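Inspection log for the structure reproduced underneath, given as C-alpha cells.
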Amino acid sequence: MKIDEHQFRKLLDAYINGTASAAEKQLLDDFFESYPDAEQRVSQKDESIKHELWMKLSEKMQEPKEAKRYTLSPWYSVAAALALFMATFYFLVYKKQDDGMKPEAIVMKQQTIQTDRGQKLKIDLIDGTQVILNANSIFTFPEQFTSTTREVYLEGEAYFEVAHDTSKPFIVHTASANTTVLGTSFNVRTSPDKITEITLVEGKVNVGSRLHTAQVKDVILEPYQQAIVTSGSEAISKKKVDVQAFVDWKDNVLHFENITLAEAVEQLESWYKVDITFQNPALGNCIINATYKQESLPNILKSIEYMLKITCTQKGNSVIMQGKGCDIKPKQSNI
C-alpha cells in the first residue's frame with residue numbers, strides 16, 4: 001500500500017479545510033467518531049498529532065500480514081482503526097481505474113480486533129456491513145469475503161447493520177450460537193459463561209445452536225424479538241423485548257432495567273474504565289432502574305447514591321460504594 005506521510009497529511013488538511021471528497025470525508029468521519037480526541041487536536045492544527053498518527057500507522061503497516069489480535073490500548077487502538085481506514089481509503093480513493101475496470105481481487109487474511117475497557121469501535125467491512133464493537137469485545141473477520149458465505153466471529157458485544165446480499169449469507173459465530181442473515185440490523189452479546197443473546201431490530205435472522213444434535217431446533221427471529229442460546233442446552237429460548245434497551249449502548253445510552261447493582265457495576269467498569277468495590281457485599285443485591293444518556297460517571301454515581309441512599313467515593317479510577325445493602329430477591333436475568 002504505497003501511501004506516504006505527505007499524502008496522509010494532505011488528506012487530513014483537506015478534511016479540516018472542507019475540500020475532501022465525499023468518500024474521504026466519510027472515511028475520516030467514521031474514524032474520528034471512535035477517536036474524538038484525535039479530531040479535536042487535528043482541527044486545532046496540532047501538527048504533532050499528524051506525525052504521531054502516521055508513525056503508529058507506519059508501524060502497523062510494517063507488521064507481517066497474518067492473522068493477529070490487536071490489543072487496543074489508547075494509541076494502539078488508533079493504529080488498528082487507521083490501518084482499516086487506510087486500506088479502505090487506498091482502494092476507494094487512490095486505486096482509481098481510468099478505464100472503469102474493477103481492481104484485481106486480493107486474497108486477504110483474517111483480522112482480529114480487541115477493544116479495551118472504555119472503548120467502542122466502528123468497523124466498516126468490505127461488503128458494506130457496519131459493525132459497532134462494544135468495550136471488552138473481540139471481533140474476527142476476513143478482509144474480503146471470498147467464499148459463498150460471509151462469516152465472522154464474536155466474543156463480547158457488537159451491533160451489526162448487515163449489507164444485503166442474497167447470494168452470500170452473513171453468519172455471526174459465538175461460543176454457543178450461529179446467527180445467519182441476508183441483510184438486517186441486530187445486536188449480539190455473549191457472556192463469559194457462553195450464553196449468547198441475539199436481539200433483532202429489523203429484518204429476519206436464523207439462530208442456531210453450535211451444539212450439533214437433532215434435538216436442537218433453529219429459531220427464526222422477527223423484529224423486536226430476542227433469542228438466548230446457552231452452551232450445552234438443547235433449547236433456544238425466544239421472547240419479545242424492548243429493543244432499545246439492548247441496542248442503545250451504541251449511542252452511549254445506558255439502560256439499567258430491573259438489574260442488580262452488581263450487574264450495573266460491571267457495565268460501569270467496562271464503559272468508564274474504573275474499578276468499583278462494595279464496602280458491604282449486600283449492596284450488590286440492590287435492584288435499580290435508570291436510563292443514562294451520554295452521562296458522565298460522577299453524575300451516574302450521584303444518581304445511584306440518591307436512589308439507594310448510599311455513598312459513592314471516587315479517587316482516580318477507583319470507586320468505593322458504602323451503604324446498608326439489600327436482601328437477595330429472585331429476579332429474571334437477561335443474560
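Naming works like this for the C-alpha cells: A, B, ... for the chains as they're shown, residue 1 at the start of each chain, ligands 1 onward in shown order.
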Fewer than 2 positions away in the same chain doesn't count, so skip those; otherwise give me all residues within 10 Å of Ala290 in chain A, counting only C-alpha atoms, as number ranges by chain. A: 254-259, 288, 292, 300, 303-304, 307
Neighbours of range 140-155 of chain A within 10 Å (only C-alpha atoms; same-chain residues fewer than 2 positions away dropped), as an NGL selection string? :A and (67-69 or 84 or 87 or 105-114 or 125-127 or 133 or 136-138 or 157-158 or 165-175 or 178-182 or 188-192 or 194 or 196)
Produce a file of the selected residues containing N, CA and C atoms, as a compact mmCIF listing (two decimals), in the first residue's frame.
# COMPACT_ATOMS: atom_id res chain seq x y z
N ALA A 67 -2.93 -13.31 10.40
CA ALA A 67 -3.98 -13.10 11.40
C ALA A 67 -3.34 -12.78 12.73
N LYS A 68 -3.82 -11.74 13.39
CA LYS A 68 -3.27 -11.33 14.67
C LYS A 68 -4.35 -10.62 15.47
N ARG A 69 -4.11 -10.51 16.76
CA ARG A 69 -5.07 -9.86 17.66
C ARG A 69 -4.54 -8.50 18.05
N LEU A 84 -7.28 -0.15 9.17
CA LEU A 84 -8.50 -0.50 8.45
C LEU A 84 -8.95 0.66 7.58
N ALA A 87 -6.61 1.18 4.52
CA ALA A 87 -6.81 0.16 3.50
C ALA A 87 -8.02 0.49 2.64
N ALA A 105 -8.86 -8.65 -7.70
CA ALA A 105 -9.21 -9.17 -6.38
C ALA A 105 -7.95 -9.55 -5.62
N ILE A 106 -7.93 -9.25 -4.33
CA ILE A 106 -6.79 -9.56 -3.48
C ILE A 106 -7.25 -10.50 -2.38
N VAL A 107 -6.53 -11.58 -2.15
CA VAL A 107 -6.87 -12.51 -1.09
C VAL A 107 -6.38 -11.95 0.24
N MET A 108 -7.32 -11.77 1.16
CA MET A 108 -6.99 -11.15 2.44
C MET A 108 -6.96 -12.18 3.56
N LYS A 109 -6.22 -11.89 4.60
CA LYS A 109 -6.13 -12.74 5.77
C LYS A 109 -7.21 -12.35 6.79
N GLN A 110 -7.35 -13.18 7.82
CA GLN A 110 -8.25 -12.86 8.91
C GLN A 110 -7.68 -11.73 9.76
N GLN A 111 -8.55 -10.87 10.22
CA GLN A 111 -8.16 -9.78 11.12
C GLN A 111 -8.90 -9.96 12.44
N THR A 112 -8.24 -9.69 13.55
CA THR A 112 -8.87 -9.77 14.86
C THR A 112 -8.65 -8.45 15.59
N ILE A 113 -9.74 -7.86 16.04
CA ILE A 113 -9.67 -6.59 16.77
C ILE A 113 -10.25 -6.80 18.16
N GLN A 114 -9.55 -6.29 19.17
CA GLN A 114 -10.00 -6.39 20.55
C GLN A 114 -10.11 -5.01 21.16
N LEU A 125 -16.91 -3.21 7.12
CA LEU A 125 -16.42 -4.38 6.39
C LEU A 125 -16.46 -4.13 4.89
N ILE A 126 -15.73 -4.94 4.14
CA ILE A 126 -15.56 -4.71 2.71
C ILE A 126 -16.87 -4.83 1.94
N ASP A 127 -17.87 -5.56 2.49
CA ASP A 127 -19.15 -5.74 1.80
C ASP A 127 -20.14 -4.62 2.07
N LEU A 133 -18.43 -2.26 17.72
CA LEU A 133 -17.92 -3.19 18.72
C LEU A 133 -17.89 -2.52 20.09
N ASN A 136 -14.50 -4.31 25.80
CA ASN A 136 -14.18 -5.66 26.24
C ASN A 136 -14.69 -6.72 25.28
N SER A 137 -14.51 -6.51 24.00
CA SER A 137 -15.02 -7.43 22.99
C SER A 137 -13.92 -7.79 21.99
N ILE A 138 -14.09 -8.95 21.33
CA ILE A 138 -13.13 -9.42 20.33
C ILE A 138 -13.91 -9.78 19.07
N GLU A 157 -19.72 -8.05 22.74
CA GLU A 157 -20.95 -7.48 22.21
C GLU A 157 -20.69 -6.63 20.98
N ALA A 158 -21.60 -6.72 20.01
CA ALA A 158 -21.49 -5.90 18.80
C ALA A 158 -22.87 -5.69 18.20
N ASP A 165 -27.21 -9.19 0.77
CA ASP A 165 -26.61 -9.96 -0.32
C ASP A 165 -27.21 -11.36 -0.27
N THR A 166 -28.19 -11.62 -1.13
CA THR A 166 -28.88 -12.91 -1.11
C THR A 166 -27.97 -14.07 -1.50
N SER A 167 -26.89 -13.78 -2.21
CA SER A 167 -26.00 -14.85 -2.65
C SER A 167 -24.98 -15.24 -1.59
N LYS A 168 -24.80 -14.39 -0.55
CA LYS A 168 -23.81 -14.66 0.48
C LYS A 168 -24.40 -14.39 1.86
N PRO A 169 -24.97 -15.39 2.50
CA PRO A 169 -25.49 -15.19 3.87
C PRO A 169 -24.37 -14.72 4.81
N PHE A 170 -24.75 -13.86 5.74
CA PHE A 170 -23.82 -13.32 6.74
C PHE A 170 -24.02 -14.13 8.02
N ILE A 171 -22.94 -14.71 8.55
CA ILE A 171 -23.06 -15.58 9.72
C ILE A 171 -22.16 -15.05 10.84
N VAL A 172 -22.76 -14.84 12.02
CA VAL A 172 -22.00 -14.44 13.20
C VAL A 172 -21.86 -15.66 14.11
N HIS A 173 -20.62 -16.08 14.34
CA HIS A 173 -20.35 -17.22 15.20
C HIS A 173 -19.97 -16.74 16.60
N THR A 174 -20.58 -17.31 17.63
CA THR A 174 -20.15 -17.10 19.01
C THR A 174 -19.87 -18.48 19.62
N ALA A 175 -19.53 -18.50 20.89
CA ALA A 175 -19.20 -19.78 21.53
C ALA A 175 -20.38 -20.74 21.55
N ASN A 178 -24.85 -19.73 16.24
CA ASN A 178 -24.59 -19.25 14.88
C ASN A 178 -25.81 -18.45 14.44
N THR A 179 -25.61 -17.19 14.09
CA THR A 179 -26.71 -16.33 13.66
C THR A 179 -26.53 -16.02 12.18
N THR A 180 -27.52 -16.40 11.36
CA THR A 180 -27.42 -16.27 9.91
C THR A 180 -28.44 -15.27 9.39
N VAL A 181 -27.96 -14.31 8.56
CA VAL A 181 -28.83 -13.29 7.99
C VAL A 181 -28.44 -13.04 6.54
N LEU A 182 -29.32 -12.38 5.81
CA LEU A 182 -29.00 -11.93 4.45
C LEU A 182 -28.71 -10.44 4.45
N VAL A 188 -25.72 -8.64 19.06
CA VAL A 188 -25.28 -9.92 19.60
C VAL A 188 -24.43 -9.64 20.83
N ARG A 189 -24.77 -10.34 21.92
CA ARG A 189 -24.00 -10.18 23.15
C ARG A 189 -23.71 -11.56 23.73
N THR A 190 -22.47 -11.77 24.15
CA THR A 190 -22.09 -13.04 24.78
C THR A 190 -21.61 -12.79 26.20
N SER A 191 -21.72 -13.81 27.04
CA SER A 191 -21.26 -13.71 28.42
C SER A 191 -20.12 -14.70 28.64
N PRO A 192 -19.33 -14.51 29.69
CA PRO A 192 -18.22 -15.43 29.94
C PRO A 192 -18.65 -16.88 30.10
N LYS A 194 -20.67 -18.45 28.29
CA LYS A 194 -21.06 -18.95 26.97
C LYS A 194 -22.57 -18.92 26.73
N THR A 196 -25.33 -16.70 24.66
CA THR A 196 -25.41 -15.71 23.58
C THR A 196 -26.83 -15.16 23.50
I'd like the interatomic distance between CA of Glu295 in chain A and CA of Asn187 in chain A, to a tenth of an Å.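 Interatomic distance here is 22.3 Å.
In this comparison, which uses only C-alpha atoms, the residue of A:Asp251, A:Gln226, A:Thr311, A:Asp242 approaching Ile132 in chain A most closely is A:Asp251.
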If I take CA of Tyr306 in chain A and CA of Lys120 in chain A, how far is one from the other in Å, to one decimal?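 Taking CA of Tyr306 in chain A and CA of Lys120 in chain A, their separation equals 29.0 Å.
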Smallest atom-to-atom distance to Phe278 in chain A: which of A:Thr291, A:Thr129, A:Thr313, A:Asn252, using only C-alpha atoms?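 The answer is A:Thr313, which sits nearest to Phe278 in chain A.
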To test your reading of the structure, identify every residue in range 116-260 of chain A that backbone DSSP assigns to strand (DSSP E), and report it as an MDAnalysis selection string. chainID A and resid 121:124 130:133 138:142 150:155 157:161 170:173 177:181 185:190 195:202 205:209 219:221 225:230 236:240 253:260
Counting only C-alpha atoms, figure out which residue out of A:Ile220, A:Ala245, A:Ile276, A:Val319 gets nearest to Asn289 in chain A.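 Closest to Asn289 in chain A of all the choices is A:Ala245.
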Determine, counting only C-alpha atoms, which protein, DNA and RNA residues have an atom within 8 Å of an atom of Asn317 in chain A; residues of the same chain fewer than 4 positions away are not included. Present the result as a ChimeraX atom specification. /A:273-275
For N, CA and C atoms, I'd like the residues from the last selection saved as a short mmCIF file (atom, residue, chain, number, x, y, z; two decimals), in the first residue's frame.
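Done, and the output landed in out-v4.cif:
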data_model
loop_
_atom_site.label_atom_id
_atom_site.label_comp_id
_atom_site.auth_asym_id
_atom_site.auth_seq_id
_atom_site.Cartn_x
_atom_site.Cartn_y
_atom_site.Cartn_z
N LYS A 273 -13.97 2.57 32.49
CA LYS A 273 -12.60 2.14 32.78
C LYS A 273 -12.23 2.44 34.24
N VAL A 274 -13.11 2.01 35.15
CA VAL A 274 -12.88 2.19 36.58
C VAL A 274 -13.03 0.84 37.28
N ASP A 275 -12.58 0.79 38.52
CA ASP A 275 -12.77 -0.38 39.38
C ASP A 275 -13.67 0.02 40.54
#
So, counting only C-alpha atoms, which residue among A:Ala235, A:Ala264, A:Ile123, A:Val243 is closest to Ser185 in chain A?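 Closest to Ser185 in chain A of all the choices is A:Val243.
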Selection near Gly208 in chain A, 8 Å with only C-alpha atoms, sequence-local residues under 3 positions removed, as number ranges by chain: A: 177-179, 216-219, 236
Can I get the selection written as a compact mmCIF listing (two decimals), in the first residue's frame, with C-alpha atoms?
# COMPACT_ATOMS: atom_id res chain seq x y z
CA ALA A 177 -24.66 -19.82 18.64
CA ASN A 178 -24.59 -19.25 14.88
CA THR A 179 -26.71 -16.33 13.66
CA VAL A 216 -31.70 -28.56 18.84
CA LYS A 217 -34.11 -26.65 16.60
CA ASP A 218 -33.16 -23.39 14.89
CA VAL A 219 -35.23 -20.32 15.76
CA ILE A 236 -33.18 -21.91 22.28
As a ChimeraX atom specification, please: every residue in range 156-327 of chain A that DSSP puts in helix (DSSP H, G or I). /A:244-251,261-272,281-285,297-308
